[in-house]
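Asks: This is the content of protein.pdb (PDB, C-alpha atoms and all ligand atoms):
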ATOM      1  CA  MET A   1       0.000   0.000   0.000
ATOM      2  CA  ILE A   2       1.261   3.438  -0.935
ATOM      3  CA  VAL A   3       0.294   6.126   1.557
ATOM      4  CA  TYR A   4       0.572   9.904   1.525
ATOM      5  CA  LEU A   5       2.467  11.614   4.331
ATOM      6  CA  ASN A   6       3.317  15.326   4.349
ATOM      7  CA  GLY A   7       3.805  15.736   0.622
ATOM      8  CA  HIS A   8       5.336  12.305  -0.069
ATOM      9  CA  TYR A   9       3.903   9.100  -1.534
ATOM     10  CA  LEU A  10       5.628   6.129   0.054
ATOM     11  CA  PRO A  11       5.133   2.498   1.080
ATOM     12  CA  GLU A  12       3.155   2.250   4.308
ATOM     13  CA  SER A  13       6.092   0.450   5.992
ATOM     14  CA  GLU A  14       8.298   3.492   5.365
ATOM     15  CA  ALA A  15       5.846   6.141   6.606
ATOM     16  CA  ARG A  16       6.944   7.572   9.968
ATOM     17  CA  VAL A  17       5.455  10.206  12.262
ATOM     18  CA  SER A  18       6.986  11.643  15.427
ATOM     19  CA  VAL A  19       6.009  10.219  18.830
ATOM     20  CA  LEU A  20       5.435  13.868  19.768
ATOM     21  CA  ASP A  21       2.711  14.229  17.136
ATOM     22  CA  ARG A  22      -0.338  15.703  18.840
ATOM     23  CA  GLY A  23      -2.524  13.207  17.016
ATOM     24  CA  PHE A  24      -0.689  10.461  18.923
ATOM     25  CA  LEU A  25      -0.483  12.273  22.279
ATOM     26  CA  PHE A  26      -3.860  14.064  22.395
ATOM     27  CA  GLY A  27      -6.021  12.848  19.514
ATOM     28  CA  ASP A  28      -5.644  16.469  18.364
ATOM     29  CA  GLY A  29      -6.785  16.221  14.750
ATOM     30  CA  VAL A  30      -9.616  15.713  12.290
ATOM     31  CA  TYR A  31     -10.314  13.270   9.486
ATOM     32  CA  GLU A  32     -12.442  12.320   6.489
ATOM     33  CA  VAL A  33     -13.356   9.054   4.764
ATOM     34  CA  VAL A  34     -14.123   9.508   1.061
ATOM     35  CA  PRO A  35     -15.376   6.537  -0.981
ATOM     36  CA  ALA A  36     -14.338   6.144  -4.618
ATOM     37  CA  TYR A  37     -16.477   4.149  -7.044
ATOM     38  CA  GLY A  38     -15.026   3.245 -10.421
ATOM     39  CA  GLY A  39     -12.077   5.510  -9.538
ATOM     40  CA  ARG A  40     -14.366   8.527  -8.994
ATOM     41  CA  LEU A  41     -14.442  10.272  -5.636
ATOM     42  CA  PHE A  42     -17.924  10.259  -4.109
ATOM     43  CA  ARG A  43     -19.292  13.698  -3.155
ATOM     44  CA  LEU A  44     -15.778  15.140  -2.976
ATOM     45  CA  GLU A  45     -16.933  18.760  -2.655
ATOM     46  CA  GLN A  46     -19.128  17.866   0.309
ATOM     47  CA  HIS A  47     -16.319  15.908   1.998
ATOM     48  CA  LEU A  48     -13.856  18.778   1.500
ATOM     49  CA  ASP A  49     -16.438  21.280   2.789
ATOM     50  CA  ARG A  50     -16.821  19.191   5.941
ATOM     51  CA  LEU A  51     -13.029  18.889   6.282
ATOM     52  CA  ASP A  52     -12.732  22.688   6.063
ATOM     53  CA  ARG A  53     -15.425  23.065   8.735
ATOM     54  CA  SER A  54     -13.691  20.538  11.038
ATOM     55  CA  LEU A  55     -10.289  22.238  10.562
ATOM     56  CA  ALA A  56     -11.785  25.678  11.243
ATOM     57  CA  ALA A  57     -13.612  24.403  14.350
ATOM     58  CA  VAL A  58     -10.371  23.061  15.887
ATOM     59  CA  ARG A  59      -8.309  25.998  14.530
ATOM     60  CA  ILE A  60      -5.860  24.066  12.359
ATOM     61  CA  MET A  61      -4.830  26.047   9.273
ATOM     62  CA  PRO A  62      -5.827  24.085   6.139
ATOM     63  CA  PRO A  63      -2.561  22.525   4.941
ATOM     64  CA  LEU A  64      -3.804  22.196   1.346
ATOM     65  CA  ASP A  65      -6.331  24.097  -0.713
ATOM     66  CA  ARG A  66      -9.218  22.580  -2.642
ATOM     67  CA  ALA A  67      -7.143  21.907  -5.758
ATOM     68  CA  GLY A  68      -4.311  20.494  -3.628
ATOM     69  CA  TRP A  69      -6.606  18.028  -1.812
ATOM     70  CA  THR A  70      -8.168  16.951  -5.077
ATOM     71  CA  ARG A  71      -4.767  16.407  -6.729
ATOM     72  CA  MET A  72      -3.429  14.458  -3.752
ATOM     73  CA  LEU A  73      -6.491  12.190  -3.407
ATOM     74  CA  THR A  74      -6.572  11.509  -7.146
ATOM     75  CA  GLU A  75      -2.846  10.713  -7.216
ATOM     76  CA  LEU A  76      -3.107   8.419  -4.175
ATOM     77  CA  LEU A  77      -5.959   6.481  -5.779
ATOM     78  CA  ALA A  78      -3.939   6.153  -8.987
ATOM     79  CA  ARG A  79      -1.023   4.724  -6.993
ATOM     80  CA  ASN A  80      -3.309   2.153  -5.312
ATOM     81  CA  PRO A  81      -5.275   0.691  -8.214
ATOM     82  CA  GLY A  82      -8.172  -1.646  -7.540
ATOM     83  CA  GLY A  83     -11.951  -1.813  -7.369
ATOM     84  CA  ASP A  84     -14.102   0.345  -5.127
ATOM     85  CA  ARG A  85     -12.000   1.962  -2.434
ATOM     86  CA  SER A  86     -12.182   4.553   0.296
ATOM     87  CA  VAL A  87      -9.593   7.151   1.151
ATOM     88  CA  TYR A  88      -8.901   7.854   4.811
ATOM     89  CA  LEU A  89      -7.479  11.342   5.290
ATOM     90  CA  GLN A  90      -6.228  12.760   8.581
ATOM     91  CA  VAL A  91      -4.808  16.119   9.625
ATOM     92  CA  THR A  92      -3.289  16.582  13.072
ATOM     93  CA  ARG A  93      -1.905  19.739  14.673
ATOM     94  CA  GLY A  94       1.624  18.315  14.238
ATOM     95  CA  ALA A  95       4.543  17.438  16.513
ATOM     96  CA  ALA A  96       5.529  19.642  19.431
ATOM     97  CA  ARG A  97       6.620  19.496  23.082
ATOM     98  CA  ARG A  98       3.608  18.195  24.995
ATOM     99  CA  ASP A  99       1.428  21.022  26.265
ATOM    100  CA  HIS A 100      -2.330  21.324  25.941
ATOM    101  CA  ALA A 101      -2.251  24.839  24.475
ATOM    102  CA  PHE A 102      -1.467  25.145  20.765
ATOM    103  CA  PRO A 103       2.246  25.035  19.891
ATOM    104  CA  GLU A 104       3.564  28.120  18.104
ATOM    105  CA  ASP A 105       5.817  26.400  15.641
ATOM    106  CA  ALA A 106       4.188  23.068  14.727
ATOM    107  CA  SER A 107       3.002  22.407  11.208
ATOM    108  CA  PRO A 108       0.096  20.020  10.590
ATOM    109  CA  THR A 109       0.746  16.361   9.825
ATOM    110  CA  VAL A 110      -1.224  15.207   6.777
ATOM    111  CA  PHE A 111      -1.697  11.491   6.273
ATOM    112  CA  ALA A 112      -3.870   9.585   3.797
ATOM    113  CA  MET A 113      -4.301   5.924   2.891
ATOM    114  CA  VAL A 114      -6.536   3.883   0.623
ATOM    115  CA  ASN A 115      -8.600   0.919   1.816
ATOM    116  CA  PRO A 116     -10.683  -1.534  -0.206
ATOM    117  CA  LEU A 117     -14.404  -0.850   0.062
ATOM    118  CA  GLN A 118     -16.237  -4.138   0.527
ATOM    119  CA  PRO A 119     -19.617  -4.321  -1.186
ATOM    120  CA  GLY A 120     -22.462  -4.714   1.334
ATOM    121  CA  ASP A 121     -22.799  -8.371   2.293
ATOM    122  CA  PRO A 122     -25.958  -9.506   0.418
ATOM    123  CA  ALA A 123     -26.837 -11.888   3.281
ATOM    124  CA  LEU A 124     -26.765  -8.968   5.749
ATOM    125  CA  LEU A 125     -28.924  -6.829   3.482
ATOM    126  CA  GLU A 126     -31.380  -9.730   3.253
ATOM    127  CA  THR A 127     -31.708 -10.103   7.038
ATOM    128  CA  GLY A 128     -30.675  -6.687   8.331
ATOM    129  CA  VAL A 129     -28.470  -6.265  11.394
ATOM    130  CA  ALA A 130     -28.877  -5.943  15.152
ATOM    131  CA  ALA A 131     -28.293  -2.696  17.050
ATOM    132  CA  VAL A 132     -28.331  -1.903  20.743
ATOM    133  CA  THR A 133     -29.098   1.405  22.435
ATOM    134  CA  MET A 134     -26.779   2.986  24.965
ATOM    135  CA  PRO A 135     -26.196   6.372  26.588
ATOM    136  CA  ASP A 136     -24.337   8.916  24.450
ATOM    137  CA  THR A 137     -21.255   9.697  26.560
ATOM    138  CA  ARG A 138     -19.544  11.862  23.903
ATOM    139  CA  TRP A 139     -18.610  15.539  24.136
ATOM    140  CA  ALA A 140     -20.737  18.515  23.050
ATOM    141  CA  ARG A 141     -19.151  19.002  19.554
ATOM    142  CA  CYS A 142     -20.029  15.777  17.756
ATOM    143  CA  ASP A 143     -20.417  17.822  14.538
ATOM    144  CA  ILE A 144     -16.593  18.004  14.289
ATOM    145  CA  LYS A 145     -15.102  14.940  12.588
ATOM    146  CA  ALA A 146     -12.369  14.634  15.222
ATOM    147  CA  ILE A 147      -9.985  11.664  15.419
ATOM    148  CA  THR A 148     -10.616  11.653  19.189
ATOM    149  CA  LEU A 149     -13.069   8.743  19.171
ATOM    150  CA  LEU A 150     -12.756   6.996  22.528
ATOM    151  CA  ALA A 151     -16.456   7.224  23.445
ATOM    152  CA  ASN A 152     -17.436   5.940  19.978
ATOM    153  CA  ILE A 153     -14.929   3.083  20.281
ATOM    154  CA  LEU A 154     -16.261   2.013  23.685
ATOM    155  CA  ALA A 155     -19.861   2.151  22.410
ATOM    156  CA  ARG A 156     -19.067   0.087  19.297
ATOM    157  CA  GLN A 157     -17.149  -2.481  21.353
ATOM    158  CA  GLN A 158     -20.051  -2.795  23.789
ATOM    159  CA  ALA A 159     -22.378  -3.358  20.822
ATOM    160  CA  VAL A 160     -20.085  -6.027  19.356
ATOM    161  CA  GLU A 161     -19.892  -7.781  22.725
ATOM    162  CA  ALA A 162     -23.718  -7.777  22.807
ATOM    163  CA  GLY A 163     -23.734  -9.518  19.394
ATOM    164  CA  ALA A 164     -24.832  -6.341  17.550
ATOM    165  CA  THR A 165     -23.375  -4.445  14.594
ATOM    166  CA  GLU A 166     -23.821  -0.906  15.889
ATOM    167  CA  ALA A 167     -24.632   1.113  19.003
ATOM    168  CA  ILE A 168     -27.419   3.695  18.748
ATOM    169  CA  LEU A 169     -26.579   6.536  21.110
ATOM    170  CA  VAL A 170     -29.328   8.068  23.249
ATOM    171  CA  ARG A 171     -29.052  11.434  24.946
ATOM    172  CA  ALA A 172     -31.762  13.182  27.013
ATOM    173  CA  GLY A 173     -34.467  10.849  25.700
ATOM    174  CA  ARG A 174     -33.456  11.302  22.055
ATOM    175  CA  ALA A 175     -31.842   8.814  19.706
ATOM    176  CA  ILE A 176     -28.975  10.778  18.135
ATOM    177  CA  GLU A 177     -26.928   8.565  15.780
ATOM    178  CA  GLY A 178     -24.814   5.414  15.706
ATOM    179  CA  ALA A 179     -21.238   5.133  17.015
ATOM    180  CA  ALA A 180     -20.059   5.682  13.406
ATOM    181  CA  SER A 181     -23.273   6.182  11.432
ATOM    182  CA  ASN A 182     -26.333   8.413  11.146
ATOM    183  CA  LEU A 183     -29.818   7.312  12.125
ATOM    184  CA  PHE A 184     -33.035   7.118  10.127
ATOM    185  CA  VAL A 185     -36.378   5.719  11.285
ATOM    186  CA  VAL A 186     -39.649   5.198   9.440
ATOM    187  CA  GLY A 187     -42.905   5.866  11.264
ATOM    188  CA  ASP A 188     -46.329   5.912   9.565
ATOM    189  CA  GLY A 189     -44.502   5.584   6.248
ATOM    190  CA  VAL A 190     -42.548   8.829   6.800
ATOM    191  CA  ILE A 191     -38.744   8.823   7.031
ATOM    192  CA  VAL A 192     -37.395  10.769  10.008
ATOM    193  CA  THR A 193     -33.780  11.676  10.731
ATOM    194  CA  PRO A 194     -32.491  13.980  13.482
ATOM    195  CA  PRO A 195     -31.670  17.527  12.302
ATOM    196  CA  LYS A 196     -28.037  18.549  11.937
ATOM    197  CA  ASP A 197     -26.697  20.291  15.024
ATOM    198  CA  GLN A 198     -23.706  19.943  17.337
ATOM    199  CA  SER A 199     -24.983  16.650  18.760
ATOM    200  CA  LEU A 200     -24.198  14.592  15.654
ATOM    201  CA  LEU A 201     -21.866  14.260  12.717
ATOM    202  CA  PRO A 202     -23.373  15.714   9.527
ATOM    203  CA  GLY A 203     -22.951  12.566   7.435
ATOM    204  CA  ILE A 204     -22.370  12.885   3.712
ATOM    205  CA  THR A 205     -24.407   9.695   3.193
ATOM    206  CA  ARG A 206     -27.180  11.114   5.388
ATOM    207  CA  ASP A 207     -27.341  14.271   3.295
ATOM    208  CA  LEU A 208     -27.498  12.254   0.082
ATOM    209  CA  VAL A 209     -30.358  10.123   1.431
ATOM    210  CA  VAL A 210     -32.235  13.328   2.356
ATOM    211  CA  GLU A 211     -31.527  14.771  -1.105
ATOM    212  CA  LEU A 212     -32.639  11.593  -2.921
ATOM    213  CA  ALA A 213     -35.843  11.363  -0.863
ATOM    214  CA  GLU A 214     -36.686  14.985  -1.707
ATOM    215  CA  ALA A 215     -35.878  14.520  -5.397
ATOM    216  CA  HIS A 216     -38.160  11.462  -5.622
ATOM    217  CA  ASN A 217     -40.994  12.756  -3.432
ATOM    218  CA  VAL A 218     -40.434  10.239  -0.661
ATOM    219  CA  PRO A 219     -41.784  11.852   2.544
ATOM    220  CA  LEU A 220     -38.940  12.760   4.917
ATOM    221  CA  MET A 221     -38.690  14.978   7.985
ATOM    222  CA  GLU A 222     -35.598  16.265   9.749
ATOM    223  CA  THR A 223     -36.846  16.290  13.328
ATOM    224  CA  PRO A 224     -35.609  14.804  16.607
ATOM    225  CA  VAL A 225     -36.220  11.083  17.115
ATOM    226  CA  THR A 226     -37.263  10.246  20.669
ATOM    227  CA  GLU A 227     -36.358   6.934  22.243
ATOM    228  CA  ALA A 228     -40.080   6.102  22.070
ATOM    229  CA  ASP A 229     -40.100   6.875  18.296
ATOM    230  CA  LEU A 230     -37.112   4.588  17.882
ATOM    231  CA  ARG A 231     -38.763   1.715  19.733
ATOM    232  CA  ALA A 232     -42.037   2.145  17.795
ATOM    233  CA  ALA A 233     -40.336   2.519  14.379
ATOM    234  CA  GLU A 234     -41.482   0.434  11.421
ATOM    235  CA  GLU A 235     -37.956   0.596  10.028
ATOM    236  CA  ILE A 236     -34.567   1.713  11.345
ATOM    237  CA  TRP A 237     -31.526   2.354   9.114
ATOM    238  CA  LEU A 238     -27.954   3.436   9.752
ATOM    239  CA  THR A 239     -25.974   5.319   7.109
ATOM    240  CA  SER A 240     -22.301   5.924   6.509
ATOM    241  CA  SER A 241     -19.830   6.104   3.642
ATOM    242  CA  THR A 242     -18.780   2.504   4.210
ATOM    243  CA  LYS A 243     -22.118   1.035   5.431
ATOM    244  CA  GLU A 244     -24.239   2.885   2.843
ATOM    245  CA  ILE A 245     -27.836   2.350   4.078
ATOM    246  CA  LEU A 246     -27.905  -0.522   6.519
ATOM    247  CA  PRO A 247     -31.285  -1.848   7.719
ATOM    248  CA  VAL A 248     -31.561  -2.586  11.460
ATOM    249  CA  THR A 249     -34.017  -5.407  12.052
ATOM    250  CA  ARG A 250     -33.346  -6.092  15.751
ATOM    251  CA  LEU A 251     -33.119  -3.400  18.398
ATOM    252  CA  ASP A 252     -32.116  -4.427  21.924
ATOM    253  CA  ASP A 253     -33.129  -8.013  21.099
ATOM    254  CA  ARG A 254     -36.600  -7.137  19.827
ATOM    255  CA  PRO A 255     -37.627  -7.228  16.157
ATOM    256  CA  VAL A 256     -37.986  -3.881  14.361
ATOM    257  CA  GLY A 257     -41.349  -3.883  12.501
ATOM    258  CA  ASP A 258     -41.804  -7.365  11.111
ATOM    259  CA  GLY A 259     -38.122  -8.150  11.661
ATOM    260  CA  ARG A 260     -37.162  -7.786   7.977
ATOM    261  CA  PRO A 261     -35.698  -4.868   6.002
ATOM    262  CA  GLY A 262     -38.669  -2.676   5.059
ATOM    263  CA  PRO A 263     -40.090  -1.358   1.787
ATOM    264  CA  VAL A 264     -39.011   2.250   2.366
ATOM    265  CA  TRP A 265     -35.434   1.052   2.915
ATOM    266  CA  ALA A 266     -35.608  -1.000  -0.324
ATOM    267  CA  ARG A 267     -36.747   2.110  -2.217
ATOM    268  CA  MET A 268     -34.013   4.355  -0.836
ATOM    269  CA  MET A 269     -31.366   1.651  -1.263
ATOM    270  CA  LYS A 270     -32.296   1.380  -4.947
ATOM    271  CA  LEU A 271     -32.034   5.176  -5.390
ATOM    272  CA  TYR A 272     -28.667   5.129  -3.613
ATOM    273  CA  GLN A 273     -27.307   2.322  -5.821
ATOM    274  CA  ASP A 274     -28.570   4.163  -8.923
ATOM    275  CA  TYR A 275     -26.700   7.261  -7.761
ATOM    276  CA  LYS A 276     -23.475   5.228  -7.345
ATOM    277  CA  GLN A 277     -23.931   3.815 -10.842
ATOM    278  CA  GLN A 278     -24.338   7.334 -12.253
ATOM    279  CA  LEU A 279     -21.119   8.321 -10.473
ATOM    280  CA  ARG A 280     -19.286   5.345 -11.990
ATOM    281  CA  GLU A 281     -20.462   6.508 -15.405
ATOM    282  CA  GLY A 282     -19.379  10.080 -14.677
ATOM    283  CA  ARG A 283     -22.962  11.386 -14.805
ATOM    284  CA  VAL A 284     -23.001  13.009 -11.351
TER     285      VAL A 284
HETATM  286  C1  LIG B   1     -20.309   9.486  14.494
HETATM  287  C2  LIG B   1     -20.576   9.342  13.026
HETATM  288  N1  LIG B   1     -21.790   9.671  12.532
HETATM  289  C3  LIG B   1     -22.082   9.556  11.228
HETATM  290  C4  LIG B   1     -21.152   9.064  10.320
HETATM  291  C5  LIG B   1     -21.512   8.944   8.851
HETATM  292  O1  LIG B   1     -20.876   9.927   8.086
HETATM  293  P1  LIG B   1     -20.604   9.718   6.508
HETATM  294  O2  LIG B   1     -21.917   9.398   5.887
HETATM  295  O3  LIG B   1     -20.048  11.004   6.066
HETATM  296  O4  LIG B   1     -19.650   8.553   6.406
HETATM  297  C6  LIG B   1     -19.871   8.725  10.776
HETATM  298  C7  LIG B   1     -18.872   8.218   9.821
HETATM  299  O5  LIG B   1     -17.873   7.676  10.164
HETATM  300  C8  LIG B   1     -19.577   8.864  12.153
HETATM  301  O6  LIG B   1     -18.355   8.542  12.636
END
Show how you would write the structure in this file as structure tokens.

Replies:
Amino acid sequence: MIVYLNGHYLPESEARVSVLDRGFLFGDGVYEVVPAYGGRLFRLEQHLDRLDRSLAAVRIMPPLDRAGWTRMLTELLARNPGGDRSVYLQVTRGAARRDHAFPEDASPTVFAMVNPLQPGDPALLETGVAAVTMPDTRWARCDIKAITLLANILARQQAVEAGATEAILVRAGRAIEGAASNLFVVGDGVIVTPPKDQSLLPGITRDLVVELAEAHNVPLMETPVTEADLRAAEEIWLTSSTKEILPVTRLDDRPVGDGRPGPVWARMMKLYQDYKQQLREGRV
């Protein structure tokens, strides 16, 4: 695997960062995951917009401009040929003597790597997956795509140990999102997803699902989802760049709806796959 580190393309085994890097010592950095289908970057503008917002929120100067990011990501994909892939991109505040306050002289560390993107397991899409609810113990700026992910890691691990695929995080009686995914429910045939605010990550997949629903007149509301709404939902889905739209058919060991992926999910999944196909053909 060829990775990108601070302006260089090099084998992963040769890439080195300082032990004083603030990403290593503090989790002081932000990241993006950008899928690429048929060699084309998925919603690149939206991913770079979110990266800019994350960098601005944590006050790291953008190390590259829009054209620079695009050139680097395109070059990295070209150096790692293959099928569908995703690019992981991380920017930390850089290496400096350990002190919480910002260093004066550090320059950001930029790292990117390419991973294969596995197509959704057809068996899983047939049956759906299990999710468990748990308290949202994260900080108050979940809209920043920060590499500091300890609360998300602990939630996901707890879900895995309970035999589930994802944790759905609940805060003050509201279901917010998954440990690494956004949340959609269907109630009375209407899709509902929590509105974007500082309590959740504004997912690029989420926004595309909202956009596709609007474009095809599928009823959708961006309003808070209470824990009661979640438990009464006809359908529950989780979205992310790597999970796409994943149907949840068991919640806390009870079936969701009739325990099978629902018709509204099937409709949106079809629209999502059509969109990916258009991207492969260079039509979006
Ligand atoms: C906490 C959280 N919410 C939502 C998402 C989904 O975001 P996207 O659709 O941009 O992958 C992620 C992605 O990793 C995430 O970590």

Asks: Determine, using all atoms listed in the file, which residues of region 96-198 of chain A have any atom at most 10 Å from an atom of region 34-40 of chain A, and tabulate each with its shortest atom pair and distance in Å to one decimal place, rows ordered by chain and then rising number, as CSV.

Replies:
residue,atom,partner,partner_atom,distance
A:Val114,CA,A:Pro35,CA,9.4
A:Asn115,CA,A:Pro35,CA,9.2
A:Pro116,CA,A:Pro35,CA,9.4
A:Leu117,CA,A:Pro35,CA,7.5

Asks: Do you know which residues the PyMOL selection byres (((chain A and resi 87-101) around 6) and not hetatm) returns on this file, as a PyMOL selection string?

Replies: chain A and resi 20-23+28-34+86+102+106-114

Asks: Determine the nearest neighbour of Ile204 (chain A) from the options A:Arg85, A:Gly282, A:Ser241, A:Ala15, counting all atoms listed in the file.

Replies: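 Of all the options, A:Ser241 lies closest to Ile204 (chain A).
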
Asks: With the file shown as input, list the residues that the PyMOL selection byres (((not hetatm)) within 6 of (chain B and resi 1)) selects, as a PyMOL selection string.

Replies: chain A and resi 179-182+201+203-206+239-241

Asks: Please enumerate the residues selected by the PyMOL selection byres (((chain A and resi 50) around 9) and not hetatm) when evaluated against the supplied file, formatted as a ChimeraX atom specification.

Replies: /A:32,45-49,51-55,144-145,202,204
